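Chemist: Handing you a structure now.
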Amino acid sequence: MNGKSVMECVDAAHAVIEQHRDEIAQLDQAIGDGDHVFNLLRGLEALIELRPQIEGLEFQPALSLSASKLLSTIGGSSGPLLASLLMGMAKTPAPELNSSSLAAMFKSGVAMMAARGKAGVGEKTMLDVLIPVSETFEELTSTHVSSDQLLSAIKTRAEDGMLATREMIATKGRASFLGERAVGHIDPGARSSQLIITAICDLVAGRHESRASDALEYAGRGA
Amino acid sequence: MNGKSVMECVDAAHAVIEQHRDEIAQLDQAIGDGDHVFNLLRGLEALIELRPQIEGLEFQPALSLSASKLLSTIGGSSGPLLASLLMGMAKTPAPELNSSSLAAMFKSGVAMMAARGKAGVGEKTMLDVLIPVSETFEELTSTHVSSDQLLSAIKTRAEDGMLATREMIATKGRASFLGERAVGHIDPGARSSQLIITAICDLVAGRHESRASDALEYAGRGA
Amino acid sequence: MKKFINTPATYLMDSLNGFAAAHADLVTLHLEPLVLTRRERQSKVALISGGGSGHEPLHAGFIGHGMLDAACPGQVFTSPTPDQMIAAAELVDTGAGVLFIVKNYSGDKMNFEMAAEMLSTSNATVIINDDVAVENSSFTTGRRGVAGTVIVEKIVGALAETGANLEDCRLMAEHVNSRLASMGVALKSCIVPAAGTPTFNLPDDEIEIGVGIHGEPGRRRSPMASASSIVAELLGAILADLKPEAGVEVLLLVNGLGATPVSELYLLFNDARCQLEQRGLRVSRSLVGNYTTALEMAGASITLCLLSKELTALWDAPVHTAALRWGV
Amino acid sequence: MKKFINTPATYLMDSLNGFAAAHADLVTLHLEPLVLTRRERQSKVALISGGGSGHEPLHAGFIGHGMLDAACPGQVFTSPTPDQMIAAAELVDTGAGVLFIVKNYSGDKMNFEMAAEMLSTSNATVIINDDVAVENSSFTTGRRGVAGTVIVEKIVGALAETGANLEDCRLMAEHVNSRLASMGVALKSCIVPAAGTPTFNLPDDEIEIGVGIHGEPGRRRSPMASASSIVAELLGAILADLKPEAGVEVLLLVNGLGATPVSELYLLFNDARCQLEQRGLRVSRSLVGNYTTALEMAGASITLCLLSKELTALWDAPVHTAALRWGV
Ligand SMILES: Nc1ncnc2c1ncn2[C@@H]1O[C@H](COP(=O)(O)OP(=O)(O)O)[C@@H](O)[C@H]1O
Ligand SMILES: Nc1ncnc2c1ncn2[C@@H]1O[C@H](COP(=O)(O)OP(=O)(O)O)[C@@H](O)[C@H]1O
Ligand SMILES: [Mg+2]
Ligand SMILES: [Mg+2]
Ligand SMILES: [Mg+2]
Ligand SMILES: [Mg+2]
C-alpha cells in the first residue's frame, strides 16, 4: 500500500460520486444548501490533479498530502471533516501496513473527524456511516473472518448507517436548522460517505462490476 | 347642456372603460407600458368624486374644471392630451349651445390636443380616432342628416380610425420605440377614445342597449 | 403577483413614506401634490426631476447635496402631473431658476412642458435620451431616456453646487446627454402592481435585448447567451453610437433593473471593462448597482459616458443622497 | 437558469474580478489563496470575515475604513478554507491581532477554527447567530448567522478604528450579537449556479417564512400575505426574542435577499417602522437595501439591533466601503 493505492481509492470515489451527482445534489438541496456534491467533486478533482505527487509517496505521507489538499480546496463542512479523517489516519503510528493497522488508522481518523465536528452517532451526519463502519472494521479484523466477509459486513453497516439518518432529527450541520422538517430525508454526507466506502470495498475486493443502483434511489423525499 | 350633461358623459365613459379594462390593459402592455386603462380610470374616478361641483356649473366651465382635474390626476401621455381636448373645448367661443357649436368646440379641442402631442393622423395615436371624428362631426352638422345618421357616421369613423392604427408604425408615443414591432397591434389610446366616443353617441341617442362586444375583441395580437 | 405590497392602490405611498422616513435627514415629503424636496435649501440653480415610479432609487434617491433639489414621483410607470412640477419649482427655487431634467417619453415631456408654460419663475428643460436600443429620428419620439439620467443628474448637480447659472447648467446637461449611450437587456418581465400580470412573457431560454425600463420590447428576442456575448452586443450598439476615439476615458455604469443581484452586475462589469480595454478605451470611473430599475425586472443595462477632465472632476465632486454618496 | 454568467465554474472569479476592478481604490484581490484586503493598511486590530459567496455585498463589500480589513470568499454557499483565512490574517495583521467574524454554520466554524489553530499571531473569533427563525439550543448548531452580521462588522469596525484592543473588539462583537435578532422571508428560490435548478420550489401563492440565506427551509410555508402581515410575523418573532423595554431606541435594517427592488424594501420598512413605533419602540437609525443576499432570491429580512448611546455613536462613525459609506 502506497500513494498509488490512495489514488485508486480517489478514482473510485470520484467515479461513484460523479455517478450519483444529481441524487446527492438533491439530498443537500432538501435539507442543506445544495453544494455537497460539488464540494466533493472539487476536492476529488484537486487530488486527481495532484496524482504524480501523491503516487510518488508512501501510504501515510500520501494521505497527509491529500488531507492538506482537501482542506484548502473543499471548504464547507466536508472540507475540514474529510481532511481530519485523512489527517487522523496519516498520523496514526503504523510500523507495518496490514488490515489491523488500517483499522486502527481508520478509527483514529474517524475520531479526529468526530472531534472536529463535535458530533457522534445519531446526529444525522456522515458520522452515522463512518463510526459504525470503523467499529465493524476494527471488530472483524481482530476475528478471523474472510476478507470478503469483512468487506460485505462493512458495506452493510455503511448502508444501514446511511439509511438510519432518514428518520433522525439533525443536531449538527445545516440540517439542524430544520428541526422536525429534516425527518424523512437522508443526510447527504451520510449518503456520499456510504457510496465512497462501498466503492472502496468493491475496489479492494477486486469486484469492479458496477453496483450502481438507480442513481436517484435515495433522493425521493420521505419514502 | 350643462355640468350634468358633462357628468353623464363621464359616467358613460367610466362604464365603458371599466367594461374593457383587461382589453385596454393588454393593448398597452403589448406596445406601451400597460398603464393606459389605469390612467383613464383614475382620471374618470376623480371627476366622479367632483360630481357636485361639476354638476353645479354651466357646460364650458364644467369642461374647464374637468380638464384641470384630469391634468392633475392622470399624468402619463393621456393626462395632458385629454386635458388639452377639454380645455380647447371649454375655451371655444360659443354664444349658444347647438350641434354646430359643439362640433366647433370639439374641433378646436382636438386641435389643441394635436398641438400638445405634436401629432396628426397616421401616427398610431388617439388622434387617429379623434381627428376623423371631429371632421365628420363638423361636415355632417353643416348638412341636413338626421341625428341618428350623424351619430352612426361618427361611430363608424371612430371604429375605422381605431382599426386603422393596427397596421400603422407609430411615430409618436411609447409605441414609436418599437418601430416595425408595433405593427399588428391596435393603439390603446385609439381604442379607449373610440370606446368613449361610441358610448357618448349611444348616450346621446338615448339608446342604452348594451353594445358591448366581447371585451377582449381587439386585444388579440396580430389578427 | 408576489410582491411586498399591501394593496396596489397604496403601493406608491407606502413605499414613499418608508423612503422619506428612512432618509428624513435628506428629504422632505410633501403631499397634494406629491413632491419630495431636499432638506437643506441652498442658493443655487435648483435641479428638479421626476417621472413614473417604479425606477427607484431614481429620482428621489438622488435628492441631496450635489444632485437633485426635488423629485416628482408619478404613479407606477406614469409621468407625474404638472401641478407636482410647479409645486416642486415653487418649493425649491431660490431665485436662480430651476432646471427640469426629463426623460424622453411623450408623457413626461408633455407634463413638464405644461408645467414650464404655467410657471412664472425662470426655468429650463433638458430631455435625456440615452437609450441606443431605439433608432433616433426627427420624425418620431426618438430614443428613450434610461439609466444615463443618473449621470446627468450627478454631473449637473455638481456644477449647480459651484454656483453656475441656469443656462450653464442646461448646456452641461445637454453636453453630458450627447456623450451618453445606454442599452439594456431583460431576463424576466416585471409586473405593474395595478395590472397584476407580467408586462411581457419571456420563455425560460430567451432574453429581450434592448428592453426599455417599463418593459417595452427591445430590438429583438434572443436565446439566452453567455454574459460576455450579451455584453458584446450591448457594447457594440453603444460604441456604434458614441464612436469614441481610442484612448478616451469613459465612465462605465452597470445598472441593475431590479431583480438582478450585484454579484451578477459585477460579473457584467468585468466583461464590459475587459472588452472596452481591448478596444483601447480606459474605464477610469465606474458605478455598479441598482440605480434605474424597472420594478422587479431581472436584467441590466450598460451605460457609457465619454469623460473629459471637467466631467471627471464634476463626477468626483462630493454627493450626499440616499442612493449615491461620496466625499461627504 | 437565466443568470448573467459565463460558466458556473468561472462565475465566482468573474464576479470578484469585476468587484475588485470597480473598487480598486478600496480593495486588493489576492489569488491562491483567494483573499480581498483593504488597500490602506492601518495599525489597529484587524477585522476579518468570510463565508460562502452568493451573499454579496457581504463580506467584500464591507472592506474599508471603519469596517473590515479582509474578506475570504468561499465558493457559492460554501465556507472558505483555512488557508484563505491564514493568508488574510498574515496580510492584514499589524501586530494588534485579528478578530474573525464568523456566521454560525458548521462549515464556517470548522474552517475558521482550523485556521485559528494553525495561526501563530494573536487572534480571536466571534460567532454571529442572529436568525431567530431557528430555535437556539445547546445541543444543536443553534441559530444561523444572517444579515445582522453587517451591523456587527460596522460597529466593531468603528471601535477598532479607535485603537481598541483585540479583547475589547471581541467583547463588543459579542455584545452587539446579543442585541441582534433577524428573520427573513422568501418569495422565490435562488439557483446555485453549479446546481442549475432552484434550491426549493415555492408555488405562486406561497412564501417561506424564516428562510435562511442559502435557501434553507424556514419555520413554515404560508400563503402569500400582505406586506404588513408578513412584517408583523417577522417582528413578532424578533421582539419575542429581544424582549426590548418600551422606549428603547433601535436600529432597523430591512435587507433584500437579491431580487427584491428597493421600492418594496422601503415599503416593508414603512410597515415595520409603524408597527415598532406602535409598540413604543423608537427607530432612531435605519438601513434599507441589499446587504446580505442569497443570490437572486426574491425576499427580504428584517433585523433589529437594540441601541445604546455607545452603539449609536459607533454606528454613526465614518465608514468607507464599497457597499456602505458615510461621513467620509
Ligand atoms: N458538525 C458536523 N459533524 C459531522 N458531520 C457534519 C457536521 N456538519 C455537517 N456535517 C456533514 O456535512 C454534510 C454537508 O456537507 P457540505 O454540504 O459539504 O457542507 P455545508 O453543510 O457546509 O454546505 C452534512 O450532510 C453532514 O453529513
Ligand atoms: N404625442 C402624442 N400625441 C397623441 N397621442 C399620443 C401621443 N403620445 C401618446 N399618445 C397616446 O397616448 C396613449 C398612451 O397613453 P398612456 O398609456 O396613458 O400614457 P403613456 O404612454 O405615457 O404610458 C397612446 O396609446 C397614444 O394613443
Ligand atoms: Mg451543503
Ligand atoms: Mg401607457
Ligand atoms: Mg405610462
Ligand atoms: Mg455549503
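So you can find residues: chains in the C-alpha cells are A, B, ... in the order shown, residues in each start at 1, and ligands are numbered from 1 in order.
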Could you list, as a list of chain:residue names, all residues that come within 6 Å of ligand 3? Count only C-alpha atoms and all ligand atoms.
Modeler: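 I would give the residues around ligand 3 as A:Asp28, A:Gly32, A:Asp33, A:Gly34, A:Asp35, A:His36.
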Chemist: Need the shell around stretch 121-134 of chain A: protein/DNA/RNA residues with any atom at most 6 Å away, counting only C-alpha atoms. Skip same-chain ones fewer than 2 positions apart. Format as a ChimeraX atom specification?
Modeler: /A:107,136-137,154,157-158,161-162,165,168,170-171,189-190
Chemist: Using N, CA and C atoms, can you export the residues from the last selection as a short mmCIF file (atom, residue, chain, number, x, y, z; two decimals), in the first residue's frame?
Modeler:
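The new file part.cif reads:
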```cif
data_model
loop_
_atom_site.label_atom_id
_atom_site.label_comp_id
_atom_site.auth_asym_id
_atom_site.auth_seq_id
_atom_site.Cartn_x
_atom_site.Cartn_y
_atom_site.Cartn_z
N LYS A 107 -9.94 4.18 12.54
CA LYS A 107 -10.61 4.51 13.80
C LYS A 107 -10.14 5.89 14.31
N THR A 136 -17.02 -1.80 12.97
CA THR A 136 -17.06 -3.10 12.30
C THR A 136 -15.68 -3.50 11.78
N PHE A 137 -15.01 -2.53 11.19
CA PHE A 137 -13.68 -2.76 10.64
C PHE A 137 -12.76 -3.27 11.75
N ILE A 154 -18.86 -4.49 6.19
CA ILE A 154 -18.66 -3.04 6.20
C ILE A 154 -19.70 -2.34 5.32
N ARG A 157 -23.04 -2.28 7.11
CA ARG A 157 -23.09 -1.28 8.18
C ARG A 157 -23.19 0.13 7.59
N ALA A 158 -22.44 0.36 6.51
CA ALA A 158 -22.47 1.68 5.88
C ALA A 158 -23.87 2.00 5.37
N GLY A 161 -26.25 2.53 8.28
CA GLY A 161 -26.00 3.84 8.91
C GLY A 161 -26.58 4.96 8.07
N MET A 162 -26.37 4.86 6.77
CA MET A 162 -26.88 5.88 5.86
C MET A 162 -28.40 5.93 5.93
N THR A 165 -30.16 7.59 8.90
CA THR A 165 -30.22 9.06 9.04
C THR A 165 -31.58 9.59 8.58
N MET A 168 -33.83 10.51 11.42
CA MET A 168 -33.26 11.33 12.51
C MET A 168 -33.61 12.81 12.38
N ALA A 170 -31.71 16.26 12.89
CA ALA A 170 -30.29 16.62 12.90
C ALA A 170 -30.00 17.55 14.07
N THR A 171 -28.88 17.31 14.73
CA THR A 171 -28.46 18.24 15.78
C THR A 171 -27.15 18.91 15.41
N GLY A 189 -24.27 13.90 3.45
CA GLY A 189 -22.92 13.46 3.80
C GLY A 189 -22.89 11.98 4.13
N ALA A 190 -23.95 11.48 4.76
CA ALA A 190 -24.03 10.05 5.06
C ALA A 190 -24.10 9.25 3.76
#
```
Chemist: As a PyMOL selection string, could you give me every residue of chain C near chain D (at most 8 Å apart, counting only C-alpha atoms)?
Modeler: chain C and resi 1-7+11+14-19+21-22+54+56-57+187+204-205+224+226-228+258-271+286-288+293+295-296+298+325-328
Chemist: For chain B against chain C, which residues fall within 6 Å using only C-alpha atoms, given as a PyMOL selection string?
Modeler: chain B and resi 29+33+72+75-77+171-173+177
Chemist: Could you save those same residues with all heavy atoms as a PDB file, in the first residue's frame?
Modeler:
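Generated file (part-v6.pdb):
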```pdb
ATOM      1  N   GLN B  29     -49.968  46.949 -22.685  1.00  0.00           N
ATOM      2  CA  GLN B  29     -48.828  46.087 -22.327  1.00  0.00           C
ATOM      3  C   GLN B  29     -48.085  45.664 -23.588  1.00  0.00           C
ATOM      4  O   GLN B  29     -46.868  45.526 -23.587  1.00  0.00           O
ATOM      5  CB  GLN B  29     -49.292  44.840 -21.569  1.00  0.00           C
ATOM      6  CG  GLN B  29     -49.629  45.132 -20.090  1.00  0.00           C
ATOM      7  CD  GLN B  29     -49.840  43.870 -19.277  1.00  0.00           C
ATOM      8  OE1 GLN B  29     -50.285  42.860 -19.807  1.00  0.00           O
ATOM      9  NE2 GLN B  29     -49.527  43.920 -17.994  1.00  0.00           N
ATOM     10  N   ASP B  33     -46.714  50.642 -21.921  1.00  0.00           N
ATOM     11  CA  ASP B  33     -46.227  50.240 -20.608  1.00  0.00           C
ATOM     12  C   ASP B  33     -47.341  49.741 -19.698  1.00  0.00           C
ATOM     13  O   ASP B  33     -47.122  49.535 -18.507  1.00  0.00           O
ATOM     14  CB  ASP B  33     -45.469  51.394 -19.944  1.00  0.00           C
ATOM     15  CG  ASP B  33     -46.329  52.641 -19.856  1.00  0.00           C
ATOM     16  OD1 ASP B  33     -47.466  52.625 -20.372  1.00  0.00           O
ATOM     17  OD2 ASP B  33     -45.862  53.630 -19.275  1.00  0.00           O
ATOM     18  N   SER B  72     -54.286  67.172 -13.346  1.00  0.00           N
ATOM     19  CA  SER B  72     -53.548  66.951 -12.102  1.00  0.00           C
ATOM     20  C   SER B  72     -53.753  65.536 -11.555  1.00  0.00           C
ATOM     21  O   SER B  72     -53.249  65.207 -10.493  1.00  0.00           O
ATOM     22  CB  SER B  72     -53.946  67.986 -11.047  1.00  0.00           C
ATOM     23  OG  SER B  72     -55.297  67.810 -10.702  1.00  0.00           O
ATOM     24  N   GLY B  75     -51.702  62.227 -15.381  1.00  0.00           N
ATOM     25  CA  GLY B  75     -50.293  62.081 -15.725  1.00  0.00           C
ATOM     26  C   GLY B  75     -50.145  61.298 -17.002  1.00  0.00           C
ATOM     27  O   GLY B  75     -51.088  61.154 -17.780  1.00  0.00           O
ATOM     28  N   GLY B  76     -48.928  60.749 -17.228  1.00  0.00           N
ATOM     29  CA  GLY B  76     -48.686  59.971 -18.441  1.00  0.00           C
ATOM     30  C   GLY B  76     -48.939  60.821 -19.673  1.00  0.00           C
ATOM     31  O   GLY B  76     -48.991  62.049 -19.608  1.00  0.00           O
ATOM     32  N   SER B  77     -49.122  60.170 -20.814  1.00  0.00           N
ATOM     33  CA  SER B  77     -49.437  60.919 -22.033  1.00  0.00           C
ATOM     34  C   SER B  77     -50.892  61.326 -22.048  1.00  0.00           C
ATOM     35  O   SER B  77     -51.253  62.415 -22.490  1.00  0.00           O
ATOM     36  CB  SER B  77     -49.169  60.063 -23.274  1.00  0.00           C
ATOM     37  OG  SER B  77     -47.825  59.710 -23.331  1.00  0.00           O
ATOM     38  N   THR B 171     -45.205  56.804 -34.771  1.00  0.00           N
ATOM     39  CA  THR B 171     -44.126  57.792 -34.779  1.00  0.00           C
ATOM     40  C   THR B 171     -44.216  58.690 -33.556  1.00  0.00           C
ATOM     41  O   THR B 171     -43.318  59.491 -33.306  1.00  0.00           O
ATOM     42  CB  THR B 171     -44.151  58.643 -36.068  1.00  0.00           C
ATOM     43  OG1 THR B 171     -45.504  59.060 -36.300  1.00  0.00           O
ATOM     44  CG2 THR B 171     -43.700  57.817 -37.270  1.00  0.00           C
ATOM     45  N   LYS B 172     -45.276  58.580 -32.794  1.00  0.00           N
ATOM     46  CA  LYS B 172     -45.412  59.335 -31.552  1.00  0.00           C
ATOM     47  C   LYS B 172     -45.755  58.365 -30.422  1.00  0.00           C
ATOM     48  O   LYS B 172     -46.286  57.279 -30.663  1.00  0.00           O
ATOM     49  CB  LYS B 172     -46.531  60.386 -31.665  1.00  0.00           C
ATOM     50  CG  LYS B 172     -46.196  61.521 -32.606  1.00  0.00           C
ATOM     51  CD  LYS B 172     -45.199  62.524 -32.008  1.00  0.00           C
ATOM     52  CE  LYS B 172     -44.215  63.096 -33.026  1.00  0.00           C
ATOM     53  NZ  LYS B 172     -44.835  63.663 -34.210  1.00  0.00           N
ATOM     54  N   GLY B 173     -45.455  58.791 -29.204  1.00  0.00           N
ATOM     55  CA  GLY B 173     -45.817  57.971 -28.046  1.00  0.00           C
ATOM     56  C   GLY B 173     -44.860  56.811 -27.873  1.00  0.00           C
ATOM     57  O   GLY B 173     -43.917  56.610 -28.630  1.00  0.00           O
ATOM     58  N   PHE B 177     -41.136  53.617 -30.057  1.00  0.00           N
ATOM     59  CA  PHE B 177     -39.841  52.980 -29.780  1.00  0.00           C
ATOM     60  C   PHE B 177     -39.748  51.610 -30.443  1.00  0.00           C
ATOM     61  O   PHE B 177     -38.662  51.061 -30.573  1.00  0.00           O
ATOM     62  CB  PHE B 177     -39.626  52.810 -28.271  1.00  0.00           C
ATOM     63  CG  PHE B 177     -39.724  54.096 -27.490  1.00  0.00           C
ATOM     64  CD1 PHE B 177     -40.450  54.142 -26.306  1.00  0.00           C
ATOM     65  CD2 PHE B 177     -39.099  55.255 -27.929  1.00  0.00           C
ATOM     66  CE1 PHE B 177     -40.539  55.317 -25.571  1.00  0.00           C
ATOM     67  CE2 PHE B 177     -39.185  56.428 -27.200  1.00  0.00           C
ATOM     68  CZ  PHE B 177     -39.910  56.466 -26.019  1.00  0.00           C
TER      69      PHE B 177
END
```
Chemist: Restricting the calculation to only C-alpha atoms: of B:Pro52, B:Gly43, B:Gly206, B:Pro95, which residue gets closest to B:Ser78?
Modeler: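 Looking at the shortest contact to B:Ser78, the residue is B:Gly43.
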Chemist: Using DSSP assignments from the backbone, pull out every residue in stretch 209-308 of chain C that falls under helix (DSSP H, G or I) and give it to me as a ChimeraX atom specification.
Modeler: /C:227-242,262-278
Chemist: Keeping only C-alpha atoms, write the selected residues to a file as a compact mmCIF listing (two decimals), in the first residue's frame.
Modeler:
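Dumped everything to part_39.txt:
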```txt
# COMPACT_ATOMS: atom_id res chain seq x y z
CA ALA C 227 -22.67 37.18 -20.09
CA SER C 228 -19.76 38.11 -22.31
CA SER C 229 -21.71 37.77 -25.53
CA ILE C 230 -24.62 39.77 -24.08
CA VAL C 231 -22.14 42.46 -23.04
CA ALA C 232 -20.59 42.39 -26.51
CA GLU C 233 -23.95 43.05 -28.10
CA LEU C 234 -24.83 45.91 -25.74
CA LEU C 235 -21.40 47.50 -26.05
CA GLY C 236 -21.47 47.07 -29.82
CA ALA C 237 -24.61 49.19 -30.06
CA ILE C 238 -23.31 51.73 -27.55
CA LEU C 239 -19.95 52.18 -29.26
CA ALA C 240 -21.52 52.33 -32.71
CA ASP C 241 -23.46 55.29 -31.41
CA LEU C 242 -20.75 57.09 -29.43
CA VAL C 262 -24.92 42.81 -7.53
CA SER C 263 -22.73 39.73 -7.91
CA GLU C 264 -24.08 39.37 -11.46
CA LEU C 265 -23.74 43.10 -12.08
CA TYR C 266 -20.07 42.94 -11.10
CA LEU C 267 -19.67 39.99 -13.43
CA LEU C 268 -21.15 42.07 -16.28
CA PHE C 269 -18.89 44.94 -15.26
CA ASN C 270 -15.89 42.64 -15.51
CA ASP C 271 -16.79 41.54 -19.01
CA ALA C 272 -17.62 45.09 -20.13
CA ARG C 273 -14.43 46.53 -18.73
CA CYS C 274 -12.25 43.88 -20.36
CA GLN C 275 -13.97 44.32 -23.72
CA LEU C 276 -13.64 48.11 -23.55
CA GLU C 277 -9.97 47.98 -22.67
CA GLN C 278 -9.43 45.55 -25.54
```
Chemist: Would you compute the distance between atom CA of D:Ser182 and atom CA of D:Val156? Give it in Å to one decimal.
Modeler: 18.5 Å
Chemist: Could you pull the residues within 12 Å of B:Asp148, counting only C-alpha atoms, minus those fewer than 3 positions along the same chain, as a PDB file with C-alpha atoms, in the first residue's frame?
Modeler:
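Okay, out.pdb is ready:
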```pdb
ATOM      1  CA  LEU B 140     -72.401  66.418 -41.127  1.00  0.00           C
ATOM      2  CA  THR B 141     -73.737  69.122 -38.809  1.00  0.00           C
ATOM      3  CA  HIS B 144     -79.029  68.047 -43.117  1.00  0.00           C
ATOM      4  CA  VAL B 145     -78.627  64.488 -41.878  1.00  0.00           C
ATOM      5  CA  LEU B 151     -74.237  59.575 -34.563  1.00  0.00           C
ATOM      6  CA  SER B 152     -73.855  56.402 -36.522  1.00  0.00           C
ATOM      7  CA  ALA B 153     -71.485  58.081 -39.002  1.00  0.00           C
ATOM      8  CA  ILE B 154     -69.347  59.259 -36.078  1.00  0.00           C
ATOM      9  CA  LYS B 155     -69.278  55.791 -34.578  1.00  0.00           C
ATOM     10  CA  CYS B 201     -73.015  58.683 -29.058  1.00  0.00           C
ATOM     11  CA  ASP B 202     -75.132  55.916 -27.594  1.00  0.00           C
ATOM     12  CA  LEU B 203     -75.898  58.092 -24.609  1.00  0.00           C
ATOM     13  CA  VAL B 204     -76.955  60.947 -26.851  1.00  0.00           C
ATOM     14  CA  ALA B 205     -79.043  58.633 -28.992  1.00  0.00           C
ATOM     15  CA  GLY B 206     -80.777  57.543 -25.832  1.00  0.00           C
ATOM     16  CA  ARG B 207     -80.000  54.054 -26.936  1.00  0.00           C
TER      17      ARG B 207
END
```
Chemist: What gap, in Å, lies between atom CA of C:Ile63 and atom CA of C:Leu36?
Modeler: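 Between atom CA of C:Ile63 and atom CA of C:Leu36 the gap works out to 8.1 Å.
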Chemist: Which of stretch 59-268 of chain C counts as strand (DSSP E) under DSSP, as a PyMOL selection string please?
Modeler: chain C and resi 64-65+70-76+98-103+123-128+180-188+206-209+220-223+249-256
Chemist: How about saving the chosen residues, N, CA and C atoms kept, as a short mmCIF file (atom, residue, chain, number, x, y, z; two decimals), in the first residue's frame?
Modeler:
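Once written, again-v4.cif looks like this:
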```cif
data_model
loop_
_atom_site.label_atom_id
_atom_site.label_comp_id
_atom_site.auth_asym_id
_atom_site.auth_seq_id
_atom_site.Cartn_x
_atom_site.Cartn_y
_atom_site.Cartn_z
N GLY C 64 -30.37 65.57 -2.82
CA GLY C 64 -29.42 65.89 -1.76
C GLY C 64 -28.26 66.68 -2.32
N HIS C 65 -27.30 66.92 -1.45
CA HIS C 65 -26.14 67.73 -1.85
C HIS C 65 -25.49 67.17 -3.11
N ALA C 70 -35.32 68.46 -5.99
CA ALA C 70 -36.68 67.94 -5.82
C ALA C 70 -36.94 66.84 -6.83
N ALA C 71 -37.86 65.96 -6.49
CA ALA C 71 -38.29 64.92 -7.41
C ALA C 71 -39.81 64.82 -7.34
N CYS C 72 -40.41 64.56 -8.51
CA CYS C 72 -41.87 64.43 -8.60
C CYS C 72 -42.17 63.00 -9.03
N PRO C 73 -42.63 62.16 -8.12
CA PRO C 73 -42.93 60.78 -8.50
C PRO C 73 -44.34 60.66 -9.06
N GLY C 74 -44.44 60.04 -10.23
CA GLY C 74 -45.75 59.74 -10.79
C GLY C 74 -46.26 58.41 -10.27
N GLN C 75 -47.43 58.01 -10.71
CA GLN C 75 -47.86 56.64 -10.47
C GLN C 75 -46.85 55.70 -11.14
N VAL C 76 -46.97 54.40 -10.85
CA VAL C 76 -46.01 53.45 -11.43
C VAL C 76 -46.02 53.57 -12.96
N VAL C 98 -34.91 77.15 -12.12
CA VAL C 98 -34.94 75.69 -11.98
C VAL C 98 -34.67 75.03 -13.33
N LEU C 99 -33.95 73.92 -13.25
CA LEU C 99 -33.72 73.10 -14.44
C LEU C 99 -34.50 71.81 -14.29
N PHE C 100 -35.38 71.54 -15.25
CA PHE C 100 -36.12 70.28 -15.25
C PHE C 100 -35.33 69.24 -16.04
N ILE C 101 -35.07 68.11 -15.43
CA ILE C 101 -34.36 67.03 -16.12
C ILE C 101 -35.39 65.95 -16.43
N VAL C 102 -35.66 65.77 -17.72
CA VAL C 102 -36.81 64.98 -18.15
C VAL C 102 -36.35 63.85 -19.06
N LYS C 103 -36.81 62.66 -18.80
CA LYS C 103 -36.50 61.54 -19.68
C LYS C 103 -37.42 61.61 -20.91
N ASN C 123 -37.05 79.10 -15.81
CA ASN C 123 -36.82 77.66 -15.85
C ASN C 123 -36.33 77.22 -17.22
N ALA C 124 -35.72 76.06 -17.23
CA ALA C 124 -35.26 75.46 -18.49
C ALA C 124 -35.45 73.97 -18.37
N THR C 125 -35.44 73.30 -19.50
CA THR C 125 -35.69 71.86 -19.51
C THR C 125 -34.64 71.17 -20.37
N VAL C 126 -34.18 70.03 -19.91
CA VAL C 126 -33.32 69.21 -20.75
C VAL C 126 -33.96 67.83 -20.87
N ILE C 127 -33.91 67.30 -22.08
CA ILE C 127 -34.51 65.99 -22.35
C ILE C 127 -33.39 64.97 -22.49
N ILE C 128 -33.45 63.91 -21.70
CA ILE C 128 -32.41 62.88 -21.74
C ILE C 128 -32.87 61.73 -22.62
N LEU C 180 -23.50 60.33 -23.84
CA LEU C 180 -24.05 59.18 -23.13
C LEU C 180 -24.69 58.19 -24.09
N ALA C 181 -24.52 56.92 -23.82
CA ALA C 181 -25.30 55.92 -24.56
C ALA C 181 -25.52 54.72 -23.65
N SER C 182 -26.72 54.15 -23.71
CA SER C 182 -27.12 53.04 -22.84
C SER C 182 -27.84 51.98 -23.65
N MET C 183 -27.77 50.76 -23.15
CA MET C 183 -28.68 49.72 -23.69
C MET C 183 -28.87 48.66 -22.62
N GLY C 184 -30.10 48.11 -22.58
CA GLY C 184 -30.46 47.16 -21.53
C GLY C 184 -30.87 45.81 -22.07
N VAL C 185 -31.01 44.87 -21.16
CA VAL C 185 -31.43 43.52 -21.52
C VAL C 185 -32.26 42.97 -20.36
N ALA C 186 -33.34 42.30 -20.69
CA ALA C 186 -34.19 41.73 -19.64
C ALA C 186 -34.12 40.21 -19.67
N LEU C 187 -34.08 39.62 -18.48
CA LEU C 187 -34.17 38.17 -18.35
C LEU C 187 -35.58 37.75 -17.93
N LYS C 188 -36.31 38.70 -17.33
CA LYS C 188 -37.64 38.37 -16.78
C LYS C 188 -38.43 39.66 -16.71
N GLU C 206 -35.04 32.57 -23.24
CA GLU C 206 -34.90 33.74 -24.10
C GLU C 206 -34.72 35.00 -23.29
N ILE C 207 -34.08 35.98 -23.90
CA ILE C 207 -33.90 37.28 -23.27
C ILE C 207 -34.35 38.35 -24.24
N GLU C 208 -34.63 39.53 -23.70
CA GLU C 208 -35.08 40.64 -24.53
C GLU C 208 -33.94 41.66 -24.59
N ILE C 209 -33.34 41.78 -25.75
CA ILE C 209 -32.20 42.69 -25.92
C ILE C 209 -32.72 44.07 -26.30
N ARG C 220 -34.75 42.93 -30.11
CA ARG C 220 -35.09 41.59 -30.53
C ARG C 220 -35.06 40.64 -29.34
N ARG C 221 -35.81 39.55 -29.49
CA ARG C 221 -35.70 38.41 -28.59
C ARG C 221 -34.48 37.62 -29.03
N SER C 222 -33.78 37.07 -28.08
CA SER C 222 -32.65 36.26 -28.49
C SER C 222 -32.52 35.12 -27.51
N PRO C 223 -31.93 34.01 -27.94
CA PRO C 223 -31.77 32.91 -26.99
C PRO C 223 -30.85 33.35 -25.86
N GLU C 249 -11.11 58.32 -22.07
CA GLU C 249 -11.53 57.79 -20.77
C GLU C 249 -13.05 57.77 -20.70
N VAL C 250 -13.59 56.68 -20.12
CA VAL C 250 -15.04 56.57 -20.04
C VAL C 250 -15.48 56.23 -18.61
N LEU C 251 -16.71 56.63 -18.35
CA LEU C 251 -17.39 56.20 -17.14
C LEU C 251 -18.29 55.04 -17.54
N LEU C 252 -18.16 53.93 -16.85
CA LEU C 252 -18.94 52.73 -17.17
C LEU C 252 -19.94 52.47 -16.03
N LEU C 253 -21.21 52.55 -16.37
CA LEU C 253 -22.27 52.27 -15.40
C LEU C 253 -22.92 50.94 -15.75
N VAL C 254 -22.86 49.99 -14.83
CA VAL C 254 -23.62 48.74 -15.00
C VAL C 254 -24.78 48.82 -14.02
N ASN C 255 -25.96 48.90 -14.56
CA ASN C 255 -27.16 49.19 -13.78
C ASN C 255 -28.08 47.99 -13.72
N GLY C 256 -28.51 47.61 -12.54
CA GLY C 256 -29.46 46.51 -12.40
C GLY C 256 -30.88 46.99 -12.58
#
```
